[in-house]
Amino acid sequence: MGTIIEVSGLKKSYQGKEVVHGIDFVVNEGEILCLLGPNGAGKTTTINIITGALRCDSGRIAYRGSSIYDDLRGFKRRLGIVPQDLALYEDLSAGRNVSFFASLYGLKGEQLRQGCRFALEFTGLADKSKDKVKTFSGGMKRRLNIACAIAHKPEILIMDEPTVGIDPQSRNHILEGVRQLRDQGMTVVYTTHYMEEVEEVSSRIIIMDLGTVIAEGTNQSLKSAHQAESLEEVFLGLTGKSLRD
């Protein structure tokens, strides 16, 4: 399993306050890497820098050994991005939303139709393709958000807290989908502050707090290293606080 993204010395400040403190980590091909941490840990800022949406103050982000800025447009075409805040057009149908976002990645004609069909079927929304998004439940909107990100079958899927505020059934559907995408060869970077999600889907975990990486490993290796029975105990031992607070 080779390294697909390498992050080194990453720093970012807002209004004179450093929110990401020189972090280093890698993303390996074909894994589900979970970034775990509370609100304010720096997860979303880190993700925004990796995707090229935000410039870091210093540090390097490399894709397969080369800086992403050597060919930022080409790198972005390899990504699928599921943002924390829903990015959908409420007055358009589900199908039109997926088609629009897929077209931004260069899909057209039969390739576009096949990509949209794949994405809607994968997220369980094929029978809702002609329905307007404003009629959807919160869970259905979250699933459509994912459909818009995978129609072009990206090499790397970035998911920033994709299950916030949804019902358990929709959450389970999304988590199962994440595992299926990994099994189909997609690399997934998944940020969350839900311990149970990390334990369920992660190949590897990076724990962040206050803009730093405080631990890294598999679910089992982290628990073993810290002599803990649960990931929550590991986090509590490292930070002195609970994600449930």
# chains A, B, ... in the order shown; residues from 1 in each chain; ligands from 1
>>> residues_around(residues="A:Glu31", least_positions_apart="2", cutoff="12 Å", atoms="only C-alpha atoms", output="CSV table (one decimal) with all heavy atoms, in the first residue's frame")
chain,number,residue,atom,x,y,z
A,1,MET,N,0.9,-1.2,0.0
A,1,MET,CA,0.0,0.0,0.0
A,1,MET,C,0.9,1.2,0.0
A,1,MET,O,1.6,1.5,1.0
A,1,MET,CB,-0.9,0.0,1.2
A,1,MET,CG,-2.0,1.1,1.2
A,1,MET,SD,-2.9,1.3,2.8
A,1,MET,CE,-3.5,-0.4,3.0
A,2,GLY,N,0.9,2.0,-1.1
A,2,GLY,CA,1.8,3.1,-1.2
A,2,GLY,C,1.2,4.4,-0.7
A,2,GLY,O,0.0,4.5,-0.5
A,3,THR,N,2.0,5.4,-0.4
A,3,THR,CA,1.5,6.7,0.0
A,3,THR,C,1.0,7.5,-1.1
A,3,THR,O,1.6,7.6,-2.2
A,3,THR,CB,2.7,7.5,0.7
A,3,THR,OG1,3.1,6.8,1.9
A,3,THR,CG2,2.2,8.9,1.1
A,4,ILE,N,-0.2,8.0,-1.0
A,4,ILE,CA,-0.8,8.8,-2.0
A,4,ILE,C,-0.8,10.3,-1.8
A,4,ILE,O,-0.6,11.1,-2.7
A,4,ILE,CB,-2.3,8.3,-2.3
A,4,ILE,CG1,-2.8,8.8,-3.6
A,4,ILE,CG2,-3.2,8.6,-1.1
A,4,ILE,CD1,-4.1,8.2,-4.0
A,5,ILE,N,-0.9,10.7,-0.5
A,5,ILE,CA,-0.8,12.1,-0.1
A,5,ILE,C,0.2,12.1,1.1
A,5,ILE,O,0.1,11.3,2.1
A,5,ILE,CB,-2.1,12.7,0.3
A,5,ILE,CG1,-3.1,12.8,-0.9
A,5,ILE,CG2,-2.0,14.1,0.9
A,5,ILE,CD1,-4.5,13.3,-0.6
A,26,VAL,N,0.6,11.0,6.6
A,26,VAL,CA,0.4,10.5,5.2
A,26,VAL,C,-1.0,9.9,5.1
A,26,VAL,O,-1.6,9.4,6.1
A,26,VAL,CB,1.5,9.5,4.8
A,26,VAL,CG1,2.9,10.1,4.9
A,26,VAL,CG2,1.4,8.2,5.7
A,27,VAL,N,-1.4,9.8,3.8
A,27,VAL,CA,-2.6,9.1,3.5
A,27,VAL,C,-2.2,8.0,2.5
A,27,VAL,O,-1.5,8.2,1.5
A,27,VAL,CB,-3.7,10.0,2.7
A,27,VAL,CG1,-4.9,9.2,2.4
A,27,VAL,CG2,-4.0,11.2,3.6
A,28,ASN,N,-2.5,6.7,2.9
A,28,ASN,CA,-2.1,5.6,2.1
A,28,ASN,C,-3.2,5.1,1.1
A,28,ASN,O,-4.4,5.2,1.4
A,28,ASN,CB,-1.7,4.4,3.0
A,28,ASN,CG,-0.5,4.7,3.9
A,28,ASN,OD1,0.5,5.3,3.4
A,28,ASN,ND2,-0.6,4.3,5.2
A,29,GLU,N,-2.7,4.7,0.0
A,29,GLU,CA,-3.7,4.3,-1.0
A,29,GLU,C,-4.6,3.1,-0.6
A,29,GLU,O,-4.2,2.2,0.1
A,29,GLU,CB,-2.9,3.8,-2.3
A,29,GLU,CG,-3.7,3.7,-3.5
A,29,GLU,CD,-2.8,3.5,-4.7
A,29,GLU,OE1,-1.6,3.3,-4.6
A,29,GLU,OE2,-3.3,3.5,-5.9
A,33,LEU,N,-8.8,6.7,6.1
A,33,LEU,CA,-8.1,7.4,7.2
A,33,LEU,C,-9.1,8.3,7.9
A,33,LEU,O,-9.6,9.2,7.3
A,33,LEU,CB,-6.9,8.2,6.6
A,33,LEU,CG,-6.2,9.1,7.6
A,33,LEU,CD1,-5.5,8.2,8.6
A,33,LEU,CD2,-5.2,10.0,6.9
A,34,CYS,N,-9.2,8.1,9.2
A,34,CYS,CA,-10.2,8.9,10.0
A,34,CYS,C,-9.4,10.0,10.8
A,34,CYS,O,-8.5,9.6,11.5
A,34,CYS,CB,-11.0,8.0,10.9
A,34,CYS,SG,-12.3,7.1,10.1
A,155,GLU,N,-10.4,9.3,-7.3
A,155,GLU,CA,-9.4,8.5,-6.7
A,155,GLU,C,-9.4,8.6,-5.2
A,155,GLU,O,-9.1,7.6,-4.5
A,155,GLU,CB,-8.0,8.8,-7.3
A,155,GLU,CG,-6.8,8.0,-6.9
A,155,GLU,CD,-5.5,8.4,-7.5
A,155,GLU,OE1,-5.5,9.5,-8.2
A,155,GLU,OE2,-4.5,7.7,-7.3
A,156,ILE,N,-9.6,9.8,-4.7
A,156,ILE,CA,-9.6,10.1,-3.3
A,156,ILE,C,-10.9,10.8,-2.9
A,156,ILE,O,-11.2,11.8,-3.6
A,156,ILE,CB,-8.4,11.0,-3.0
A,156,ILE,CG1,-7.1,10.5,-3.5
A,156,ILE,CG2,-8.3,11.3,-1.4
A,156,ILE,CD1,-5.9,11.5,-3.5
A,157,LEU,N,-11.6,10.3,-1.9
A,157,LEU,CA,-12.8,10.9,-1.4
A,157,LEU,C,-12.5,11.6,-0.1
A,157,LEU,O,-12.1,10.9,0.9
A,157,LEU,CB,-13.9,9.9,-1.3
A,157,LEU,CG,-15.3,10.4,-0.9
A,157,LEU,CD1,-15.9,11.3,-1.9
A,157,LEU,CD2,-16.2,9.2,-0.7
A,158,ILE,N,-12.8,12.9,0.0
A,158,ILE,CA,-12.6,13.6,1.2
A,158,ILE,C,-14.0,13.9,1.8
A,158,ILE,O,-14.9,14.5,1.2
A,158,ILE,CB,-12.0,15.0,1.0
A,158,ILE,CG1,-10.7,14.8,0.1
A,158,ILE,CG2,-11.7,15.7,2.3
A,158,ILE,CD1,-9.5,14.2,0.9
A,178,VAL,N,-19.3,4.0,2.7
A,178,VAL,CA,-17.9,4.3,2.8
A,178,VAL,C,-17.0,3.1,2.7
A,178,VAL,O,-16.0,3.0,2.0
A,178,VAL,CB,-17.6,5.1,4.1
A,178,VAL,CG1,-16.1,5.2,4.3
A,178,VAL,CG2,-18.2,6.5,4.1
A,179,ARG,N,-17.4,2.0,3.4
A,179,ARG,CA,-16.7,0.8,3.3
A,179,ARG,C,-16.7,0.2,1.9
A,179,ARG,O,-15.7,-0.4,1.4
A,179,ARG,CB,-17.3,-0.2,4.3
A,179,ARG,CG,-16.9,0.1,5.8
A,179,ARG,CD,-17.3,-1.1,6.7
A,179,ARG,NE,-18.8,-1.3,6.7
A,179,ARG,CZ,-19.5,-0.8,7.7
A,179,ARG,NH1,-19.0,-0.1,8.6
A,179,ARG,NH2,-20.8,-1.0,7.6
A,180,GLN,N,-17.9,0.3,1.2
A,180,GLN,CA,-18.0,-0.3,-0.1
A,180,GLN,C,-17.1,0.5,-1.1
A,180,GLN,O,-16.5,-0.1,-2.0
A,180,GLN,CB,-19.4,-0.2,-0.6
A,180,GLN,CG,-20.4,-1.2,0.1
A,180,GLN,CD,-21.8,-1.0,-0.4
A,180,GLN,OE1,-22.1,-0.5,-1.4
A,180,GLN,NE2,-22.7,-1.5,0.4
A,181,LEU,N,-17.0,1.8,-0.9
A,181,LEU,CA,-16.1,2.6,-1.8
A,181,LEU,C,-14.7,2.2,-1.6
A,181,LEU,O,-13.9,2.1,-2.6
A,181,LEU,CB,-16.3,4.1,-1.5
A,181,LEU,CG,-17.7,4.7,-2.0
A,181,LEU,CD1,-17.9,6.0,-1.4
A,181,LEU,CD2,-17.8,4.7,-3.5
A,182,ARG,N,-14.3,2.0,-0.4
A,182,ARG,CA,-12.9,1.5,-0.1
A,182,ARG,C,-12.7,0.2,-0.7
A,182,ARG,O,-11.6,-0.1,-1.3
A,182,ARG,CB,-12.7,1.4,1.4
A,182,ARG,CG,-11.3,1.1,1.9
A,182,ARG,CD,-11.1,-0.4,2.1
A,182,ARG,NE,-12.2,-1.1,2.7
A,182,ARG,CZ,-12.4,-1.2,4.0
A,182,ARG,NH1,-11.6,-0.6,4.9
A,182,ARG,NH2,-13.5,-1.9,4.5
A,183,ASP,N,-13.7,-0.7,-0.6
A,183,ASP,CA,-13.5,-2.0,-1.2
A,183,ASP,C,-13.4,-2.0,-2.8
A,183,ASP,O,-12.9,-2.9,-3.4
A,183,ASP,CB,-14.7,-2.9,-0.8
A,183,ASP,CG,-14.7,-3.3,0.7
A,183,ASP,OD1,-13.6,-3.1,1.3
A,183,ASP,OD2,-15.7,-3.7,1.2
A,184,GLN,N,-14.0,-0.9,-3.3
A,184,GLN,CA,-13.9,-0.7,-4.8
A,184,GLN,C,-12.6,0.0,-5.2
A,184,GLN,O,-12.4,0.3,-6.4
A,184,GLN,CB,-15.1,0.1,-5.3
A,184,GLN,CG,-16.4,-0.7,-5.1
A,184,GLN,CD,-17.6,0.2,-5.5
A,184,GLN,OE1,-17.5,1.2,-6.1
A,184,GLN,NE2,-18.8,-0.3,-5.1
A,185,GLY,N,-11.7,0.3,-4.2
A,185,GLY,CA,-10.4,0.8,-4.6
A,185,GLY,C,-10.3,2.3,-4.3
A,185,GLY,O,-9.2,2.9,-4.6
A,186,MET,N,-11.3,3.0,-3.7
A,186,MET,CA,-11.2,4.4,-3.5
A,186,MET,C,-10.5,4.6,-2.1
A,186,MET,O,-10.6,3.9,-1.2
A,186,MET,CB,-12.6,5.0,-3.4
A,186,MET,CG,-12.6,6.5,-3.7
A,186,MET,SD,-14.4,7.1,-3.8
A,186,MET,CE,-14.9,6.4,-5.4
A,187,THR,N,-9.7,5.7,-2.1
A,187,THR,CA,-9.0,6.1,-0.8
A,187,THR,C,-9.9,7.1,-0.2
A,187,THR,O,-10.4,8.1,-0.9
A,187,THR,CB,-7.7,6.7,-1.1
A,187,THR,OG1,-6.8,5.7,-1.7
A,187,THR,CG2,-7.0,7.2,0.2
A,188,VAL,N,-10.2,7.0,1.1
A,188,VAL,CA,-11.1,7.9,1.8
A,188,VAL,C,-10.4,8.6,3.0
A,188,VAL,O,-9.8,7.9,3.8
A,188,VAL,CB,-12.4,7.1,2.3
A,188,VAL,CG1,-13.3,8.0,3.0
A,188,VAL,CG2,-13.0,6.3,1.2
A,189,VAL,N,-10.6,9.9,3.1
A,189,VAL,CA,-10.2,10.7,4.2
A,189,VAL,C,-11.5,11.1,4.9
A,189,VAL,O,-12.3,11.9,4.3
A,189,VAL,CB,-9.3,11.8,3.9
A,189,VAL,CG1,-8.9,12.6,5.1
A,189,VAL,CG2,-8.0,11.3,3.2
A,190,TYR,N,-11.7,10.8,6.1
A,190,TYR,CA,-13.0,10.9,6.8
A,190,TYR,C,-12.8,11.6,8.1
A,190,TYR,O,-12.1,11.1,9.0
A,190,TYR,CB,-13.6,9.5,7.0
A,190,TYR,CG,-15.0,9.5,7.5
A,190,TYR,CD1,-16.0,9.1,6.6
A,190,TYR,CD2,-15.3,9.7,8.8
A,190,TYR,CE1,-17.4,9.0,7.0
A,190,TYR,CE2,-16.7,9.6,9.3
A,190,TYR,CZ,-17.7,9.3,8.4
A,190,TYR,OH,-19.0,9.2,8.8
A,201,VAL,N,-15.4,2.1,10.8
A,201,VAL,CA,-15.0,2.2,9.4
A,201,VAL,C,-13.5,2.4,9.2
A,201,VAL,O,-13.0,2.1,8.1
A,201,VAL,CB,-15.7,3.3,8.6
A,201,VAL,CG1,-17.2,3.1,8.6
A,201,VAL,CG2,-15.3,4.7,9.0
A,202,SER,N,-12.7,2.8,10.2
A,202,SER,CA,-11.3,3.2,10.0
A,202,SER,C,-10.4,2.1,9.6
A,202,SER,O,-10.5,1.0,10.2
A,202,SER,CB,-10.8,4.0,11.2
A,202,SER,OG,-10.7,3.1,12.3
A,203,SER,N,-9.5,2.4,8.7
A,203,SER,CA,-8.3,1.5,8.5
A,203,SER,C,-7.2,2.0,9.4
A,203,SER,O,-6.4,1.2,10.0
A,203,SER,CB,-7.8,1.6,7.1
A,203,SER,OG,-8.8,1.3,6.1
A,204,ARG,N,-7.2,3.3,9.6
A,204,ARG,CA,-6.1,4.0,10.4
A,204,ARG,C,-6.7,5.3,11.0
A,204,ARG,O,-7.6,5.9,10.3
A,204,ARG,CB,-4.9,4.3,9.6
A,204,ARG,CG,-3.6,4.6,10.4
A,204,ARG,CD,-2.4,4.5,9.5
A,204,ARG,NE,-2.5,5.2,8.3
A,204,ARG,CZ,-2.1,6.5,8.1
A,204,ARG,NH1,-1.6,7.1,9.1
A,204,ARG,NH2,-2.3,7.0,6.9
A,205,ILE,N,-6.2,5.7,12.1
A,205,ILE,CA,-6.8,6.9,12.8
A,205,ILE,C,-5.7,7.9,13.1
A,205,ILE,O,-4.6,7.5,13.6
A,205,ILE,CB,-7.5,6.4,14.1
A,205,ILE,CG1,-8.6,5.4,13.9
A,205,ILE,CG2,-8.1,7.6,14.9
A,205,ILE,CD1,-8.9,4.6,15.1
A,218,THR,N,-3.9,2.3,14.2
A,218,THR,CA,-5.1,1.6,14.0
A,218,THR,C,-5.9,1.6,15.3
A,218,THR,O,-5.4,2.0,16.4
A,218,THR,CB,-4.9,0.1,13.6
A,218,THR,OG1,-4.3,-0.6,14.7
A,218,THR,CG2,-4.1,0.0,12.4
>>> select_by_dssp(residues="stretch 22-203 of chain A", states="helix (DSSP H, G or I)", output="MDAnalysis selection string")
chainID A and resid 43:50 68:70 72:77 94:103 109:122 126:128 133:135 138:150 168:183 195:201
>>> closest_residue(among="A:Val234, A:Val198, A:Ala215, A:Val82", to="A:Asp24", atoms="only C-alpha atoms")
A:Ala215
>>> atom_distance(atom1="atom CA of A:Val164", atom2="atom CA of A:Leu125")
19.2 Å
>>> select_by_dssp(residues="stretch 79-170 of chain A", states="strand (DSSP E)", output="count of residues only")
9
>>> closest_residue(among="A:Glu110, A:Asp131, A:Asn219, A:Arg60", to="A:Leu92", atoms="only C-alpha atoms")
A:Asp131
>>> residues_around(residues="A:Lys130", least_positions_apart="6", cutoff="10 Å", atoms="only C-alpha atoms", output="list in words")
Leu92, Ser93, Ala94, Gly95 and Arg96 of chain A
>>> closest_residue(among="A:Leu236, A:Leu88, A:Ile150, A:Val19", to="A:Leu107", atoms="only C-alpha atoms")
A:Ile150
>>> residues_around(residues="stretch 223-231 of chain A", least_positions_apart="3", cutoff="12 Å", atoms="only C-alpha atoms", output="ChimeraX atom specification")
/A:36-37,193-200,202,205-207,215-220,234-238,242-243
>>> write_last_selection(atoms="N, CA and C atoms", output="compact mmCIF listing (two decimals), in the first residue's frame")
# COMPACT_ATOMS: atom_id res chain seq x y z
N LEU A 36 -9.88 12.20 13.74
CA LEU A 36 -10.78 12.25 14.89
C LEU A 36 -10.38 13.40 15.80
N GLY A 37 -11.37 14.18 16.21
CA GLY A 37 -11.07 15.25 17.15
C GLY A 37 -12.31 16.09 17.39
N HIS A 193 -16.20 13.58 14.80
CA HIS A 193 -15.97 13.56 16.24
C HIS A 193 -16.83 12.48 16.90
N TYR A 194 -17.30 11.54 16.06
CA TYR A 194 -18.07 10.41 16.58
C TYR A 194 -17.17 9.17 16.71
N MET A 195 -16.91 8.76 17.93
CA MET A 195 -16.04 7.61 18.19
C MET A 195 -16.54 6.35 17.49
N GLU A 196 -17.87 6.12 17.56
CA GLU A 196 -18.41 4.87 17.02
C GLU A 196 -18.20 4.77 15.52
N GLU A 197 -18.21 5.90 14.82
CA GLU A 197 -17.97 5.87 13.37
C GLU A 197 -16.53 5.47 13.08
N VAL A 198 -15.61 6.03 13.82
CA VAL A 198 -14.20 5.71 13.64
C VAL A 198 -13.95 4.23 13.89
N GLU A 199 -14.52 3.70 14.97
CA GLU A 199 -14.31 2.29 15.29
C GLU A 199 -14.91 1.39 14.22
N GLU A 200 -15.96 1.87 13.56
CA GLU A 200 -16.65 1.03 12.58
C GLU A 200 -15.98 1.01 11.22
N SER A 202 -12.72 2.79 10.19
CA SER A 202 -11.34 3.24 9.96
C SER A 202 -10.39 2.10 9.62
N ILE A 205 -6.23 5.72 12.12
CA ILE A 205 -6.81 6.87 12.82
C ILE A 205 -5.72 7.88 13.14
N ILE A 206 -6.03 9.15 12.91
CA ILE A 206 -5.19 10.25 13.40
C ILE A 206 -6.05 11.06 14.37
N ILE A 207 -5.59 11.18 15.60
CA ILE A 207 -6.31 11.95 16.61
C ILE A 207 -5.70 13.35 16.67
N ALA A 215 -1.90 11.55 18.32
CA ALA A 215 -1.73 10.09 18.26
C ALA A 215 -2.12 9.60 16.88
N GLU A 216 -1.58 8.45 16.52
CA GLU A 216 -1.84 7.89 15.20
C GLU A 216 -1.69 6.37 15.26
N GLY A 217 -2.55 5.65 14.57
CA GLY A 217 -2.46 4.20 14.53
C GLY A 217 -3.80 3.58 14.16
N THR A 218 -3.87 2.27 14.21
CA THR A 218 -5.14 1.59 14.01
C THR A 218 -5.94 1.64 15.30
N ASN A 219 -7.20 1.33 15.19
CA ASN A 219 -8.06 1.29 16.37
C ASN A 219 -7.45 0.39 17.45
N GLN A 220 -7.03 -0.81 17.05
CA GLN A 220 -6.50 -1.77 18.01
C GLN A 220 -5.15 -1.33 18.56
N VAL A 234 -8.87 6.22 25.16
CA VAL A 234 -7.60 6.70 24.62
C VAL A 234 -7.63 8.22 24.53
N PHE A 235 -8.70 8.75 23.93
CA PHE A 235 -8.81 10.19 23.74
C PHE A 235 -8.85 10.92 25.07
N LEU A 236 -9.60 10.39 26.01
CA LEU A 236 -9.70 11.01 27.34
C LEU A 236 -8.35 11.03 28.03
N GLY A 237 -7.60 9.93 27.88
CA GLY A 237 -6.28 9.86 28.50
C GLY A 237 -5.29 10.83 27.89
N LEU A 238 -5.41 11.09 26.58
CA LEU A 238 -4.47 11.99 25.90
C LEU A 238 -4.80 13.45 26.11
N SER A 242 -13.59 14.59 26.98
CA SER A 242 -14.36 13.63 26.22
C SER A 242 -14.98 14.29 25.01
N LEU A 243 -15.06 13.53 23.91
CA LEU A 243 -15.71 14.05 22.72
C LEU A 243 -17.22 14.17 22.91
>>> residues_around(residues="A:Ser13", least_positions_apart="3", cutoff="10 Å", atoms="only C-alpha atoms", output="PyMOL selection string")
chain A and resi 16-21+45+56-58
>>> atom_distance(atom1="atom CA of A:Gly80", atom2="atom CA of A:Ala149")
4.6 Å
>>> residues_around(residues="stretch 70-75 of chain A", least_positions_apart="3", cutoff="10 Å", atoms="only C-alpha atoms", output="PyMOL selection string")
chain A and resi 51-52+62-63+66-67+78-79+105+155-156
>>> atom_distance(atom1="atom CA of A:Glu6", atom2="atom CA of A:Arg77")
17.8 Å
>>> residues_around(residues="A:Pro162", least_positions_apart="6", cutoff="10 Å", atoms="only C-alpha atoms", output="MDAnalysis selection string")
chainID A and resid 82:86 139 142:143 145:146 171 174:175 190:192
>>> write_last_selection(atoms="N, CA and C atoms", output="mmCIF file, in the first residue's frame")
data_model
loop_
_atom_site.group_PDB
_atom_site.id
_atom_site.type_symbol
_atom_site.label_atom_id
_atom_site.label_comp_id
_atom_site.auth_asym_id
_atom_site.auth_seq_id
_atom_site.Cartn_x
_atom_site.Cartn_y
_atom_site.Cartn_z
ATOM 1 N N VAL A 82 -16.895 15.889 -0.023
ATOM 2 C CA VAL A 82 -18.179 15.956 0.674
ATOM 3 C C VAL A 82 -18.014 16.947 1.818
ATOM 4 N N PRO A 83 -18.443 18.198 1.630
ATOM 5 C CA PRO A 83 -18.211 19.222 2.656
ATOM 6 C C PRO A 83 -19.115 19.039 3.867
ATOM 7 N N GLN A 84 -18.696 19.630 4.975
ATOM 8 C CA GLN A 84 -19.487 19.571 6.207
ATOM 9 C C GLN A 84 -20.839 20.251 6.028
ATOM 10 N N ASP A 85 -20.846 21.384 5.353
ATOM 11 C CA ASP A 85 -22.093 22.084 5.056
ATOM 12 C C ASP A 85 -22.617 21.609 3.707
ATOM 13 N N LEU A 86 -23.903 21.328 3.639
ATOM 14 C CA LEU A 86 -24.504 20.818 2.409
ATOM 15 C C LEU A 86 -24.273 21.784 1.258
ATOM 16 N N GLY A 139 -31.278 13.363 6.103
ATOM 17 C CA GLY A 139 -30.464 12.212 5.756
ATOM 18 C C GLY A 139 -30.339 12.023 4.250
ATOM 19 N N ARG A 142 -27.887 14.504 2.870
ATOM 20 C CA ARG A 142 -26.505 14.082 3.134
ATOM 21 C C ARG A 142 -26.072 13.021 2.120
ATOM 22 N N ARG A 143 -26.952 12.086 1.812
ATOM 23 C CA ARG A 143 -26.628 11.052 0.827
ATOM 24 C C ARG A 143 -26.466 11.653 -0.564
ATOM 25 N N ASN A 145 -25.458 14.678 -1.171
ATOM 26 C CA ASN A 145 -24.170 15.376 -1.111
ATOM 27 C C ASN A 145 -23.030 14.437 -1.491
ATOM 28 N N ILE A 146 -23.131 13.190 -1.018
ATOM 29 C CA ILE A 146 -22.122 12.180 -1.354
ATOM 30 C C ILE A 146 -22.221 11.792 -2.828
ATOM 31 N N ARG A 171 -27.256 7.350 8.805
ATOM 32 C CA ARG A 171 -25.844 7.246 9.189
ATOM 33 C C ARG A 171 -25.295 5.865 8.850
ATOM 34 N N ILE A 174 -24.676 5.559 5.149
ATOM 35 C CA ILE A 174 -23.464 6.260 4.719
ATOM 36 C C ILE A 174 -22.210 5.487 5.113
ATOM 37 N N LEU A 175 -22.157 4.968 6.333
ATOM 38 C CA LEU A 175 -20.982 4.225 6.785
ATOM 39 C C LEU A 175 -20.769 2.965 5.958
ATOM 40 N N TYR A 190 -11.699 10.754 6.142
ATOM 41 C CA TYR A 190 -12.996 10.916 6.793
ATOM 42 C C TYR A 190 -12.803 11.633 8.118
ATOM 43 N N THR A 191 -13.361 12.825 8.262
ATOM 44 C CA THR A 191 -13.237 13.534 9.537
ATOM 45 C C THR A 191 -14.530 13.403 10.333
ATOM 46 N N THR A 192 -14.386 13.280 11.646
ATOM 47 C CA THR A 192 -15.557 13.119 12.494
ATOM 48 C C THR A 192 -15.193 13.393 13.947
#
>>> decode(residues="stretch 114-120 of chain A", atoms="all heavy atoms", output="PDB file, in the first residue's frame")
ATOM      1  N   GLN A 114     -23.773   7.802 -17.194  1.00  0.00           N
ATOM      2  CA  GLN A 114     -23.392   6.617 -16.435  1.00  0.00           C
ATOM      3  C   GLN A 114     -22.921   6.988 -15.027  1.00  0.00           C
ATOM      4  O   GLN A 114     -23.230   6.305 -14.048  1.00  0.00           O
ATOM      5  CB  GLN A 114     -22.291   5.857 -17.166  1.00  0.00           C
ATOM      6  CG  GLN A 114     -22.768   5.152 -18.430  1.00  0.00           C
ATOM      7  CD  GLN A 114     -21.661   4.372 -19.112  1.00  0.00           C
ATOM      8  OE1 GLN A 114     -20.526   4.333 -18.638  1.00  0.00           O
ATOM      9  NE2 GLN A 114     -21.982   3.759 -20.237  1.00  0.00           N
ATOM     10  N   GLY A 115     -22.167   8.085 -14.921  1.00  0.00           N
ATOM     11  CA  GLY A 115     -21.678   8.523 -13.619  1.00  0.00           C
ATOM     12  C   GLY A 115     -22.813   8.914 -12.693  1.00  0.00           C
ATOM     13  O   GLY A 115     -22.819   8.563 -11.509  1.00  0.00           O
ATOM     14  N   CYS A 116     -23.797   9.635 -13.246  1.00  0.00           N
ATOM     15  CA  CYS A 116     -24.952  10.045 -12.436  1.00  0.00           C
ATOM     16  C   CYS A 116     -25.767   8.831 -12.003  1.00  0.00           C
ATOM     17  O   CYS A 116     -26.218   8.759 -10.845  1.00  0.00           O
ATOM     18  CB  CYS A 116     -25.826  11.016 -13.224  1.00  0.00           C
ATOM     19  SG  CYS A 116     -25.049  12.612 -13.515  1.00  0.00           S
ATOM     20  N   ARG A 117     -25.950   7.890 -12.917  1.00  0.00           N
ATOM     21  CA  ARG A 117     -26.703   6.687 -12.580  1.00  0.00           C
ATOM     22  C   ARG A 117     -26.004   5.909 -11.473  1.00  0.00           C
ATOM     23  O   ARG A 117     -26.637   5.464 -10.503  1.00  0.00           O
ATOM     24  CB  ARG A 117     -26.864   5.816 -13.832  1.00  0.00           C
ATOM     25  CG  ARG A 117     -27.814   4.617 -13.633  1.00  0.00           C
ATOM     26  CD  ARG A 117     -27.916   3.770 -14.900  1.00  0.00           C
ATOM     27  NE  ARG A 117     -28.213   4.583 -16.076  1.00  0.00           N
ATOM     28  CZ  ARG A 117     -27.396   4.707 -17.116  1.00  0.00           C
ATOM     29  NH1 ARG A 117     -26.238   4.045 -17.140  1.00  0.00           N
ATOM     30  NH2 ARG A 117     -27.743   5.453 -18.141  1.00  0.00           N
ATOM     31  N   PHE A 118     -24.692   5.749 -11.604  1.00  0.00           N
ATOM     32  CA  PHE A 118     -23.909   5.050 -10.579  1.00  0.00           C
ATOM     33  C   PHE A 118     -24.067   5.730  -9.222  1.00  0.00           C
ATOM     34  O   PHE A 118     -24.323   5.078  -8.202  1.00  0.00           O
ATOM     35  CB  PHE A 118     -22.431   5.012 -10.978  1.00  0.00           C
ATOM     36  CG  PHE A 118     -21.487   4.889  -9.817  1.00  0.00           C
ATOM     37  CD1 PHE A 118     -21.347   3.687  -9.131  1.00  0.00           C
ATOM     38  CD2 PHE A 118     -20.739   5.987  -9.379  1.00  0.00           C
ATOM     39  CE1 PHE A 118     -20.492   3.573  -8.034  1.00  0.00           C
ATOM     40  CE2 PHE A 118     -19.882   5.887  -8.298  1.00  0.00           C
ATOM     41  CZ  PHE A 118     -19.757   4.678  -7.624  1.00  0.00           C
ATOM     42  N   ALA A 119     -23.903   7.058  -9.173  1.00  0.00           N
ATOM     43  CA  ALA A 119     -23.918   7.786  -7.908  1.00  0.00           C
ATOM     44  C   ALA A 119     -25.276   7.718  -7.226  1.00  0.00           C
ATOM     45  O   ALA A 119     -25.371   7.525  -6.009  1.00  0.00           O
ATOM     46  CB  ALA A 119     -23.513   9.247  -8.148  1.00  0.00           C
ATOM     47  N   LEU A 120     -26.347   7.882  -8.000  1.00  0.00           N
ATOM     48  CA  LEU A 120     -27.693   7.851  -7.424  1.00  0.00           C
ATOM     49  C   LEU A 120     -28.068   6.449  -6.962  1.00  0.00           C
ATOM     50  O   LEU A 120     -28.688   6.274  -5.907  1.00  0.00           O
ATOM     51  CB  LEU A 120     -28.707   8.385  -8.432  1.00  0.00           C
ATOM     52  CG  LEU A 120     -28.621   9.899  -8.689  1.00  0.00           C
ATOM     53  CD1 LEU A 120     -29.418  10.276  -9.922  1.00  0.00           C
ATOM     54  CD2 LEU A 120     -29.118  10.675  -7.469  1.00  0.00           C
TER      55      LEU A 120
END
